[in-house]
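Trainee: Structure file final-v6.csv (CSV, C-alpha atoms and all ligand atoms) is given on the next line.
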```csv
chain,number,residue,atom,x,y,z
G,1,MET,CA,-11.4,33.1,-10.4
G,2,LYS,CA,-10.4,35.8,-12.8
G,3,ARG,CA,-12.1,36.2,-16.2
G,4,CYS,CA,-10.9,37.6,-19.4
G,5,ALA,CA,-12.5,38.0,-22.9
G,6,VAL,CA,-11.0,35.6,-25.4
G,7,MET,CA,-9.0,36.0,-28.5
G,8,ASN,CA,-7.1,39.3,-28.9
G,9,LEU,CA,-7.7,40.3,-25.4
G,10,LEU,CA,-6.4,37.1,-23.9
G,11,LYS,CA,-2.8,38.1,-24.2
G,12,LEU,CA,-3.2,41.4,-22.4
G,13,CYS,CA,-5.2,39.7,-19.6
G,14,THR,CA,-2.6,37.1,-19.4
G,15,ILE,CA,0.2,39.6,-18.8
G,16,ALA,CA,-1.9,41.4,-16.1
G,17,ALA,CA,-2.9,38.2,-14.4
G,18,ALA,CA,0.6,36.7,-14.4
G,19,VAL,CA,1.6,39.2,-11.8
G,20,GLU,CA,-1.1,38.0,-9.4
G,21,ILE,CA,-0.8,34.3,-10.0
G,22,CYS,CA,-0.8,33.4,-6.3
G,23,CYS,CA,-4.5,34.0,-5.4
G,24,SER,CA,-5.9,30.5,-4.9
G,25,GLY,CA,-5.6,26.8,-5.2
G,26,SER,CA,-2.5,25.4,-6.8
G,27,ALA,CA,-1.5,29.0,-7.5
G,28,ALA,CA,-0.5,29.3,-3.9
G,29,MET,CA,1.9,26.5,-4.6
G,30,ALA,CA,3.1,28.2,-7.7
G,31,GLU,CA,4.1,31.2,-5.7
G,32,ALA,CA,5.8,29.0,-3.1
G,33,THR,CA,7.8,27.1,-5.6
G,34,GLY,CA,8.4,30.0,-8.0
G,35,GLN,CA,7.3,27.9,-10.9
G,36,THR,CA,4.6,28.7,-13.5
G,37,GLN,CA,1.9,26.0,-13.8
G,38,THR,CA,2.3,25.2,-17.5
G,39,GLY,CA,4.9,25.5,-20.1
G,40,GLU,CA,2.5,27.2,-22.5
G,41,SER,CA,1.7,30.4,-20.6
G,42,LEU,CA,-1.7,29.2,-19.6
G,43,ILE,CA,-2.7,31.0,-16.4
G,44,PRO,CA,-4.1,29.1,-13.5
G,45,GLY,CA,-7.4,30.5,-12.3
G,46,GLU,CA,-7.9,32.7,-15.4
G,47,VAL,CA,-11.2,32.0,-17.3
G,48,ALA,CA,-11.2,32.9,-21.0
G,49,VAL,CA,-14.6,34.4,-21.6
G,50,ASN,CA,-16.0,33.4,-25.0
G,51,GLU,CA,-17.6,36.5,-26.6
G,52,GLY,CA,-18.7,34.8,-29.9
G,53,LYS,CA,-21.6,32.4,-30.2
G,54,ILE,CA,-22.2,30.2,-27.2
G,55,LEU,CA,-20.0,27.2,-27.5
G,56,THR,CA,-21.4,23.8,-26.5
G,57,VAL,CA,-19.0,21.8,-24.6
G,58,GLY,CA,-19.5,18.1,-23.6
G,59,TYR,CA,-17.7,17.0,-20.5
G,60,VAL,CA,-16.9,13.3,-20.3
G,61,MET,CA,-16.6,13.2,-16.5
G,62,ILE,CA,-15.1,10.3,-14.5
G,63,GLY,CA,-17.4,10.5,-11.4
G,64,ALA,CA,-17.1,11.7,-7.8
G,65,GLU,CA,-14.7,9.2,-6.3
G,66,SER,CA,-12.4,11.6,-4.5
G,67,ASP,CA,-12.0,15.1,-3.0
G,68,TRP,CA,-9.7,15.8,-5.9
G,69,ARG,CA,-12.4,14.8,-8.4
G,70,LEU,CA,-15.0,17.0,-6.7
G,71,ALA,CA,-12.6,20.0,-6.9
G,72,CYS,CA,-11.9,19.3,-10.5
G,73,ASN,CA,-15.6,19.0,-11.4
G,74,LYS,CA,-16.4,22.2,-9.5
G,75,SER,CA,-13.7,24.1,-11.3
G,76,ILE,CA,-15.1,23.0,-14.7
G,77,ARG,CA,-18.7,23.9,-13.7
G,78,GLU,CA,-17.6,27.3,-12.5
G,79,ALA,CA,-15.5,28.1,-15.6
G,80,PHE,CA,-17.9,26.9,-18.3
G,81,THR,CA,-21.0,29.0,-17.4
G,82,ARG,CA,-23.4,30.5,-19.8
G,83,GLU,CA,-22.3,33.9,-18.5
G,84,ASN,CA,-18.8,33.1,-19.7
G,85,GLY,CA,-20.1,32.0,-23.1
G,86,TYR,CA,-20.4,28.3,-22.8
G,87,SER,CA,-23.2,25.7,-22.6
G,88,LEU,CA,-21.8,22.8,-20.6
G,89,LEU,CA,-23.2,19.3,-21.0
G,90,ILE,CA,-22.0,16.8,-18.3
G,91,SER,CA,-22.0,13.1,-18.6
G,92,ASP,CA,-21.1,11.4,-15.3
G,93,ALA,CA,-19.6,7.9,-16.0
G,94,GLN,CA,-19.6,7.0,-12.3
G,95,GLN,CA,-16.2,5.3,-12.8
G,96,LYS,CA,-17.5,3.1,-15.6
G,97,HIS,CA,-15.5,2.9,-18.8
G,98,GLU,CA,-18.5,1.8,-20.9
G,99,LYS,CA,-20.4,4.8,-19.8
G,100,GLN,CA,-17.6,7.1,-20.9
G,101,ILE,CA,-17.5,5.5,-24.4
G,102,LYS,CA,-21.3,6.0,-24.6
G,103,ALA,CA,-20.9,9.6,-23.5
G,104,VAL,CA,-18.4,10.4,-26.3
G,105,ARG,CA,-20.8,8.9,-28.8
G,106,GLU,CA,-23.7,10.9,-27.5
G,107,PHE,CA,-21.7,14.1,-27.6
G,108,ILE,CA,-20.8,13.4,-31.2
G,109,ASN,CA,-24.5,12.8,-32.0
G,110,GLN,CA,-25.3,16.1,-30.4
G,111,GLU,CA,-22.7,17.8,-32.5
G,112,VAL,CA,-21.1,19.6,-29.6
G,113,ASP,CA,-18.3,22.2,-30.4
G,114,TYR,CA,-15.8,20.6,-28.1
G,115,ILE,CA,-15.4,17.4,-26.0
G,116,LEU,CA,-13.6,17.7,-22.6
G,117,PHE,CA,-12.3,14.2,-22.2
G,118,ASN,CA,-11.1,12.8,-18.9
G,119,PRO,CA,-10.6,9.0,-19.4
G,120,ILE,CA,-10.9,6.7,-16.4
G,121,VAL,CA,-8.5,4.2,-18.0
G,122,GLU,CA,-5.9,4.6,-20.7
G,123,SER,CA,-7.0,1.7,-23.0
G,124,GLY,CA,-10.0,1.1,-25.1
G,125,TRP,CA,-10.4,4.4,-26.9
G,126,GLU,CA,-9.4,3.8,-30.5
G,127,ALA,CA,-12.9,3.6,-32.0
G,128,SER,CA,-14.7,6.4,-30.2
G,129,LEU,CA,-11.9,8.9,-30.5
G,130,GLU,CA,-11.6,8.1,-34.2
G,131,GLU,CA,-15.4,8.7,-34.5
G,132,ALA,CA,-14.9,12.1,-32.9
G,133,ALA,CA,-12.1,13.0,-35.3
G,134,GLU,CA,-14.3,11.9,-38.3
G,135,ALA,CA,-17.0,14.1,-37.0
G,136,GLY,CA,-14.6,17.0,-36.8
G,137,ILE,CA,-15.1,17.5,-33.1
G,138,PRO,CA,-12.0,18.6,-31.2
G,139,VAL,CA,-11.3,16.4,-28.2
G,140,ILE,CA,-9.4,18.1,-25.4
G,141,GLY,CA,-7.9,15.5,-23.1
G,142,PHE,CA,-7.0,16.4,-19.6
G,143,ASP,CA,-5.9,14.9,-16.3
G,144,ARG,CA,-5.4,11.3,-17.3
G,145,GLU,CA,-4.1,10.1,-20.7
G,146,VAL,CA,-5.1,7.6,-23.4
G,147,ASP,CA,-3.0,4.9,-24.9
G,148,VAL,CA,-4.0,4.8,-28.6
G,149,LYS,CA,-1.9,4.4,-31.7
G,150,ALA,CA,-3.0,7.7,-33.3
G,151,LYS,CA,-0.8,10.4,-31.8
G,152,ASP,CA,-3.4,13.0,-32.6
G,153,ALA,CA,-6.4,11.1,-31.1
G,154,CYS,CA,-6.9,14.1,-28.8
G,155,THR,CA,-6.5,17.6,-30.3
G,156,THR,CA,-4.4,18.5,-27.3
G,157,TRP,CA,-3.9,17.2,-23.8
G,158,ILE,CA,-3.0,18.8,-20.5
G,159,GLY,CA,-2.5,16.9,-17.2
G,160,SER,CA,-0.2,15.6,-14.5
G,161,ASP,CA,3.1,13.8,-14.9
G,162,PHE,CA,2.0,10.9,-12.6
G,163,LEU,CA,5.3,9.2,-13.0
G,164,LEU,CA,7.2,12.3,-11.7
G,165,GLU,CA,4.7,12.6,-8.9
G,166,GLY,CA,5.5,9.0,-7.8
G,167,ARG,CA,9.2,9.5,-8.2
G,168,LYS,CA,9.0,12.6,-6.0
G,169,ALA,CA,7.1,10.6,-3.3
G,170,CYS,CA,9.7,7.8,-3.4
G,171,ALA,CA,12.6,10.3,-3.4
G,172,TRP,CA,11.1,11.9,-0.3
G,173,LEU,CA,10.9,8.6,1.5
G,174,GLU,CA,14.4,7.8,0.6
G,175,ALA,CA,15.7,11.2,1.8
G,176,TYR,CA,13.5,11.1,5.0
G,177,LEU,CA,14.8,7.7,6.0
G,178,GLU,CA,18.4,8.9,5.4
G,179,SER,CA,17.8,12.0,7.4
G,180,THR,CA,16.6,10.0,10.4
G,181,GLY,CA,19.5,7.5,10.1
G,182,TYR,CA,17.0,4.6,9.7
G,183,GLU,CA,18.9,1.8,8.0
G,184,ASP,CA,16.8,-1.3,8.8
G,185,SER,CA,14.5,-3.0,6.3
G,186,LEU,CA,11.2,-1.3,5.7
G,187,GLY,CA,7.9,-3.2,5.5
G,188,LEU,CA,5.7,-1.4,2.9
G,189,VAL,CA,2.1,-1.9,1.7
G,190,HIS,CA,0.7,-0.3,-1.4
G,191,ILE,CA,-2.9,0.9,-2.0
G,192,GLN,CA,-3.2,1.4,-5.7
G,193,GLY,CA,-5.7,3.7,-7.5
G,194,THR,CA,-8.1,2.6,-10.2
G,195,MET,CA,-6.3,0.0,-12.2
G,196,GLY,CA,-5.4,1.0,-15.7
G,197,SER,CA,-5.7,4.8,-15.0
G,198,SER,CA,-2.8,7.0,-15.8
G,199,ALA,CA,-2.6,8.1,-12.1
G,200,GLN,CA,-2.3,4.5,-11.0
G,201,ILE,CA,0.1,3.5,-13.8
G,202,GLY,CA,2.6,6.3,-13.2
G,203,ARG,CA,2.5,6.2,-9.4
G,204,THR,CA,2.8,2.4,-9.3
G,205,ARG,CA,5.7,2.4,-11.8
G,206,ALA,CA,7.6,5.0,-9.7
G,207,LEU,CA,7.2,2.8,-6.6
G,208,ASP,CA,8.4,-0.3,-8.6
G,209,GLU,CA,11.5,1.6,-9.7
G,210,ALA,CA,12.2,2.6,-6.1
G,211,LEU,CA,11.7,-1.0,-4.8
G,212,ALA,CA,14.1,-2.2,-7.4
G,213,GLY,CA,16.7,0.3,-6.2
G,214,HIS,CA,16.1,-0.5,-2.5
G,215,PRO,CA,16.3,-4.2,-1.7
G,216,GLU,CA,15.8,-3.2,2.0
G,217,TRP,CA,12.3,-2.0,1.2
G,218,LYS,CA,10.0,-5.0,1.3
G,219,LEU,CA,6.7,-4.8,-0.5
G,220,LEU,CA,4.4,-6.9,1.7
G,221,ASP,CA,1.1,-6.4,-0.2
G,222,ARG,CA,-0.5,-4.4,-3.0
G,223,GLN,CA,-4.2,-4.0,-3.7
G,224,SER,CA,-6.4,-1.5,-5.4
G,225,GLY,CA,-8.4,1.0,-3.3
G,226,ASP,CA,-10.0,2.5,-6.4
G,227,PHE,CA,-9.2,6.0,-5.2
G,228,THR,CA,-12.0,5.9,-2.6
G,229,THR,CA,-12.0,6.2,1.2
G,230,ALA,CA,-14.2,3.1,1.6
G,231,LYS,CA,-12.0,0.8,-0.5
G,232,GLY,CA,-8.8,2.3,0.9
G,233,LYS,CA,-10.0,1.4,4.4
G,234,GLU,CA,-11.2,-2.0,3.4
G,235,VAL,CA,-7.9,-3.0,1.8
G,236,MET,CA,-5.9,-1.5,4.7
G,237,VAL,CA,-7.9,-3.5,7.2
G,238,ASP,CA,-7.1,-6.6,5.2
G,239,MET,CA,-3.4,-5.8,5.0
G,240,LEU,CA,-3.2,-5.1,8.8
G,241,ALA,CA,-4.9,-8.4,9.5
G,242,GLY,CA,-2.4,-10.2,7.2
G,243,TYR,CA,0.8,-8.4,8.1
G,244,GLY,CA,0.2,-6.6,11.4
G,245,ASP,CA,3.4,-5.2,12.9
G,246,GLU,CA,5.5,-5.9,9.8
G,247,ILE,CA,3.8,-2.9,8.2
G,248,GLN,CA,5.9,0.3,8.7
G,249,ALA,CA,4.7,2.4,5.7
G,250,VAL,CA,1.8,2.6,3.4
G,251,TYR,CA,2.0,4.2,-0.1
G,252,CYS,CA,-1.5,5.4,-0.9
G,253,GLU,CA,-2.2,6.6,-4.4
G,254,ASN,CA,-4.5,9.4,-3.4
G,255,ASP,CA,-5.8,11.3,-0.3
G,256,ASN,CA,-9.1,9.4,-0.1
G,257,GLU,CA,-7.3,6.1,0.2
G,258,ALA,CA,-5.1,7.7,2.8
G,259,TYR,CA,-8.1,8.8,4.9
G,260,GLY,CA,-9.4,5.2,4.8
G,261,ALA,CA,-6.0,3.7,5.6
G,262,ILE,CA,-5.6,6.1,8.6
G,263,GLU,CA,-9.0,5.1,10.0
G,264,ALA,CA,-8.0,1.4,9.6
G,265,ILE,CA,-4.6,2.0,11.3
G,266,ARG,CA,-6.2,3.7,14.3
G,267,GLU,CA,-8.9,1.1,14.6
G,268,ALA,CA,-6.1,-1.6,14.7
G,269,GLY,CA,-4.5,0.3,17.6
G,270,ARG,CA,-1.6,1.6,15.6
G,271,ILE,CA,-0.6,5.3,15.1
G,272,PRO,CA,-0.3,6.9,11.7
G,273,GLY,CA,2.9,9.0,11.8
G,274,PRO,CA,6.5,9.3,10.6
G,275,ASP,CA,8.2,7.7,13.7
G,276,ILE,CA,8.6,4.2,12.3
G,277,ALA,CA,11.3,3.3,14.8
G,278,SER,CA,8.6,3.7,17.6
G,279,GLY,CA,6.1,1.6,15.7
G,280,GLU,CA,4.1,4.3,13.9
G,281,ILE,CA,3.0,3.7,10.3
G,282,LEU,CA,4.3,6.3,7.9
G,283,VAL,CA,1.6,7.3,5.3
G,284,LEU,CA,2.5,8.7,1.9
G,285,SER,CA,-0.3,10.3,-0.1
G,286,PHE,CA,-1.0,12.2,-3.4
G,287,ASP,CA,-3.3,15.1,-4.3
G,288,ALA,CA,-2.9,17.6,-1.4
G,289,ALA,CA,-6.6,18.2,-1.1
G,290,ARG,CA,-7.7,20.3,1.9
G,291,ASN,CA,-8.4,17.3,4.2
G,292,GLY,CA,-5.3,15.6,3.0
G,293,LEU,CA,-3.2,18.6,3.9
G,294,LEU,CA,-4.9,18.9,7.3
G,295,LEU,CA,-3.7,15.3,8.0
G,296,THR,CA,-0.3,16.2,6.6
G,297,LEU,CA,-0.1,19.2,9.0
G,298,THR,CA,-0.5,16.8,12.0
G,299,GLY,CA,2.0,14.3,10.5
G,300,GLN,CA,-0.6,11.6,10.0
G,301,ILE,CA,0.3,11.8,6.4
G,302,ALA,CA,4.1,12.2,6.3
G,303,VAL,CA,4.3,13.6,2.8
G,304,ASN,CA,1.7,14.7,0.3
G,305,THR,CA,2.6,15.0,-3.3
G,306,GLU,CA,0.3,17.4,-5.1
G,307,CYS,CA,-1.9,16.6,-8.1
G,308,ALA,CA,-3.4,19.8,-9.3
G,309,PRO,CA,-7.2,19.6,-10.0
G,310,GLU,CA,-8.3,23.1,-11.1
G,311,TYR,CA,-8.6,22.5,-14.9
G,312,GLY,CA,-11.7,24.6,-15.6
G,313,PRO,CA,-10.0,27.9,-16.3
G,314,LEU,CA,-7.1,26.2,-18.2
G,315,LEU,CA,-9.5,24.4,-20.5
G,316,THR,CA,-11.3,27.7,-21.3
G,317,GLN,CA,-8.0,29.1,-22.3
G,318,ILE,CA,-7.2,26.1,-24.5
G,319,ILE,CA,-10.6,26.5,-26.2
G,320,SER,CA,-10.0,30.2,-26.8
G,321,ARG,CA,-6.6,29.4,-28.4
G,322,LEU,CA,-8.2,26.8,-30.7
G,323,GLU,CA,-11.0,29.2,-31.6
G,324,GLY,CA,-8.3,31.7,-32.5
G,325,GLY,CA,-6.7,29.1,-34.9
G,326,ASP,CA,-3.7,28.3,-32.7
G,327,LYS,CA,-2.0,24.9,-32.9
G,328,LEU,CA,-1.4,23.7,-29.4
G,329,PRO,CA,1.2,21.2,-28.3
G,330,ALA,CA,0.1,17.5,-28.2
G,331,ARG,CA,0.8,17.4,-24.4
G,332,GLN,CA,1.4,19.9,-21.6
G,333,TYR,CA,2.1,19.1,-18.0
G,334,VAL,CA,0.9,21.1,-15.1
G,335,GLN,CA,3.5,21.9,-12.4
G,336,GLU,CA,2.9,20.4,-9.0
G,337,ALA,CA,4.3,20.7,-5.5
G,338,GLN,CA,5.1,18.5,-2.5
G,339,PHE,CA,4.1,19.2,1.1
G,340,SER,CA,5.2,18.0,4.5
G,341,ALA,CA,5.0,19.3,8.1
G,342,LEU,CA,8.4,17.7,8.8
G,343,GLU,CA,11.6,19.7,8.8
G,344,HIS,CA,13.6,17.2,6.7
G,345,PRO,CA,14.0,16.7,3.9
G,346,ALA,CA,13.5,20.2,2.7
G,347,GLU,CA,14.5,19.3,-0.8
G,348,ILE,CA,14.4,16.1,-2.9
G,349,TYR,CA,15.9,14.9,-6.1
G,350,ALA,CA,13.8,13.2,-8.8
G,351,ASP,CA,14.4,12.8,-12.5
G,352,GLY,CA,17.8,14.5,-12.2
G,353,GLN,CA,16.3,17.7,-10.8
G,354,SER,CA,15.8,19.1,-7.3
G,355,TYR,CA,12.4,20.0,-5.9
G,356,PRO,CA,11.5,21.8,-2.7
G,357,VAL,CA,9.4,20.1,-0.1
G,358,ILE,CA,7.1,22.9,1.0
G,359,LYS,CA,6.8,23.2,4.8
G,360,LEU,CA,3.1,23.1,5.5
G,361,THR,CA,1.4,25.7,7.6
G,362,GLU,CA,-2.2,26.5,8.5
G,363,ASP,CA,-2.0,29.7,6.5
G,364,LEU,CA,-0.9,27.9,3.4
G,365,ILE,CA,-3.8,25.5,3.7
G,366,GLU,CA,-6.2,28.4,4.2
G,367,SER,CA,-4.8,30.2,1.1
G,368,ARG,CA,-5.8,27.3,-1.1
G,369,SER,CA,-9.2,27.0,-2.7
G,370,TYR,CA,-9.8,23.2,-2.3
X,401,LIG,O1,-6.5,11.4,-12.0
X,401,LIG,C1,-6.3,12.1,-10.8
X,401,LIG,C2,-6.5,11.2,-9.7
X,401,LIG,O2,-7.8,10.7,-9.7
X,401,LIG,C3,-6.4,11.8,-8.3
X,401,LIG,O3,-5.2,11.5,-7.7
X,401,LIG,C4,-7.4,11.1,-7.5
X,401,LIG,O4,-7.7,11.6,-6.3
X,401,LIG,C5,-8.5,11.0,-8.5
X,401,LIG,O5,-9.5,10.2,-8.2
```
Could I get this structure in the form of structure tokens?
Mentor:
Amino acid sequence: MKRCAVMNLLKLCTIAAAVEICCSGSAAMAEATGQTQTGESLIPGEVAVNEGKILTVGYVMIGAESDWRLACNKSIREAFTRENGYSLLISDAQQKHEKQIKAVREFINQEVDYILFNPIVESGWEASLEEAAEAGIPVIGFDREVDVKAKDACTTWIGSDFLLEGRKACAWLEAYLESTGYEDSLGLVHIQGTMGSSAQIGRTRALDEALAGHPEWKLLDRQSGDFTTAKGKEVMVDMLAGYGDEIQAVYCENDNEAYGAIEAIREAGRIPGPDIASGEILVLSFDAARNGLLLTLTGQIAVNTECAPEYGPLLTQIISRLEGGDKLPARQYVQEAQFSALEHPAEIYADGQSYPVIKLTEDLIESRSY
């Protein structure tokens, strides 16, 4: 992780760092795709060191439900150190919405300088975010979004385009089936994430759109796996018991659910893999965390659509911009890649644009930091 002093130095550091953007994590993906990670010249992996008074930052954390979340939490802890000029207060909501509401109020009472806000679900935030605004505390939303009337409920927001992620996964499935000449109907089951979270809403909506455009894709069952391995396995066991050989593909809304689903598939005597014509169950997943990519390398996950977790450095840069009096855009999306060990498709089309499917290798996995 690189570090730069904030304010006037930030621009210089930014220019220097842009040259070496490909050192770790999603940055490896950035190099592979030739894309920058944000539209606002924030630099992945670049910590903005605060050289003024120590800033107190309250982190409204979701929990530790997934590998992705652990990588996200780690990145925030490592960026917001005292050495870098921050005092980080963490409130772990353990996936409970009420705990997050309480955490926002506690941070307001403690008069923190900034709130890092990562909501479990989109709804139910009107009152507490209004209280933060009244107290004059900037709320920086990231990862998941909120659904509130006030457009400026968060001072700024940075996160994933979950609908695009889902569309890319469905576009891959469509292109893959076409490349193999598979024309029969396809029995699909769907393991959703935490209901009401942006990640679930976007990825589910994308699948619904794809199902509407593909009458030959039959949705057999849909249940929430709450983004965890244990629940992912539990619902896959249930789906296999209910639909058995009819299941040809499973759309898992994150890697941990895919780990659980793969365990269940094996225990049922089936094989997770892309060869559906021979009875394998094709697994689609999101996140591209290390273990997810290892399973992708062996084809047990056929395609893994990335969700970038390393927000710590980006959030320090956002704070440094706000400290410098900059007005930031209401929303910024991070750029994300897609990985598969299969040769085809090498490219997919989603939202009227083409995206490369990055051919996964051991070296690529090793070059990533999570
Ligand atoms: O909000 C990001 C999602 O939440 C990730 O896909 C998932 O792994 C996490 O728990």
Trainee: Grab the atom CA of G:Ala79 to atom CA of G:Gly159 distance for me, in Å with one decimal place.
Mentor: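 Going from atom CA of G:Ala79 over to atom CA of G:Gly159 covers 17.2 Å.
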Trainee: Distance limit 10 Å, reference ligand LIG 401 (chain X), atoms considered: all atoms listed in the file. Which residues make the cut? Give them as an NGL selection string.
Mentor: :G and (62-72 or 95 or 118-121 or 142-145 or 159-160 or 162 or 193-194 or 197-200 or 203 or 226-228 or 252-257 or 285-289 or 305-309)
Trainee: Using Å and a single decimal, report how far atom CA of G:Pro345 sits from atom CA of G:Leu177.
Mentor: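 Rounded to one decimal, the two atoms are 9.3 Å apart.
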Trainee: For G:Glu209, list every protein, DNA or RNA residue within 10 Å, evaluated using only C-alpha atoms, and leave out those in the same chain fewer than 5 positions away; present the list as a PDB file with C-alpha atoms, in the frame of the given file.
Mentor:
```pdb
ATOM      1  CA  GLY G 166       5.500   9.000  -7.800  1.00  0.00           C
ATOM      2  CA  ARG G 167       9.200   9.500  -8.200  1.00  0.00           C
ATOM      3  CA  CYS G 170       9.700   7.800  -3.400  1.00  0.00           C
ATOM      4  CA  THR G 204       2.800   2.400  -9.300  1.00  0.00           C
ATOM      5  CA  HIS G 214      16.100  -0.500  -2.500  1.00  0.00           C
TER       6      HIS G 214
END
```
Trainee: With distances taken over all atoms listed in the file, which residue among G:Arg222, G:Ala171, G:Gly299, G:Pro272 lies nearest G:Ser354?
Mentor: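 Closest to G:Ser354, using all atoms listed in the file: G:Ala171.
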Trainee: Identify which of the residues G:Trp157, G:Tyr311, G:Phe339, G:Tyr86 lies closest to G:Gly52, counting all atoms listed in the file when measuring atom-to-atom distances.
Mentor: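 Looking at the shortest contact to G:Gly52, the residue is G:Tyr86.
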Trainee: Report as a PyMOL selection string all protein, DNA and RNA residues lying within 10 Å of G:Asp147, evaluated on all atoms listed in the file, omitting residues in the same chain fewer than 2 positions from it.
Mentor: chain G and resi 121-126+145+149-151+153+198
Trainee: For a quick check of understanding, using only C-alpha atoms, which of G:Ala346, G:Pro215, G:Asp92, G:Ser369 has the smallest distance to G:Asp184?
Mentor: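 Looking only at the distances to G:Asp184, the closest residue turns out to be G:Pro215.
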Trainee: Take atom CA of G:Ala133 and atom CA of G:Gln317 and report the distance between them in Å, one decimal.
Mentor: 21.1 Å
Trainee: Rank nothing, just name the residue among G:Ile101, G:Leu186, G:Leu315, G:Val49 nearest to G:Ser75, using all atoms listed in the file.
Mentor: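 Closest to G:Ser75, using all atoms listed in the file: G:Leu315.
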Trainee: How would stretch 246-263 of chain G look with N, CA and C atoms restored, written as a compact mmCIF listing (two decimals), in the frame of the given file?
Mentor:
```
# COMPACT_ATOMS: atom_id res chain seq x y z
N GLU G 246 4.44 -6.00 10.87
CA GLU G 246 5.50 -5.90 9.80
C GLU G 246 5.29 -4.63 8.99
N ILE G 247 4.06 -4.05 9.05
CA ILE G 247 3.80 -2.90 8.20
C ILE G 247 4.38 -1.61 8.89
N GLN G 248 5.27 -0.94 8.16
CA GLN G 248 5.90 0.30 8.70
C GLN G 248 5.53 1.52 7.84
N ALA G 249 5.09 1.26 6.61
CA ALA G 249 4.70 2.40 5.70
C ALA G 249 3.65 1.96 4.76
N VAL G 250 2.81 2.92 4.41
CA VAL G 250 1.80 2.60 3.40
C VAL G 250 1.83 3.73 2.32
N TYR G 251 1.93 3.29 1.07
CA TYR G 251 2.00 4.20 -0.10
C TYR G 251 0.58 4.21 -0.67
N CYS G 252 -0.16 5.30 -0.37
CA CYS G 252 -1.50 5.40 -0.90
C CYS G 252 -1.51 6.27 -2.12
N GLU G 253 -2.23 5.85 -3.15
CA GLU G 253 -2.20 6.60 -4.40
C GLU G 253 -3.09 7.79 -4.50
N ASN G 254 -3.84 8.07 -3.44
CA ASN G 254 -4.50 9.40 -3.40
C ASN G 254 -4.92 9.66 -1.91
N ASP G 255 -5.40 10.89 -1.67
CA ASP G 255 -5.80 11.30 -0.30
C ASP G 255 -6.92 10.45 0.24
N ASN G 256 -7.92 10.17 -0.60
CA ASN G 256 -9.10 9.40 -0.10
C ASN G 256 -8.67 8.05 0.44
N GLU G 257 -7.80 7.40 -0.29
CA GLU G 257 -7.30 6.10 0.20
C GLU G 257 -6.54 6.29 1.50
N ALA G 258 -5.81 7.40 1.59
CA ALA G 258 -5.10 7.70 2.80
C ALA G 258 -6.03 7.88 4.00
N TYR G 259 -7.17 8.59 3.75
CA TYR G 259 -8.10 8.80 4.90
C TYR G 259 -8.60 7.41 5.36
N GLY G 260 -8.94 6.54 4.41
CA GLY G 260 -9.40 5.20 4.80
C GLY G 260 -8.33 4.40 5.50
N ALA G 261 -7.10 4.49 4.99
CA ALA G 261 -6.00 3.70 5.60
C ALA G 261 -5.75 4.22 7.03
N ILE G 262 -5.81 5.53 7.22
CA ILE G 262 -5.60 6.10 8.60
C ILE G 262 -6.62 5.61 9.54
N GLU G 263 -7.87 5.59 9.09
CA GLU G 263 -9.00 5.10 10.00
C GLU G 263 -8.66 3.63 10.35
```
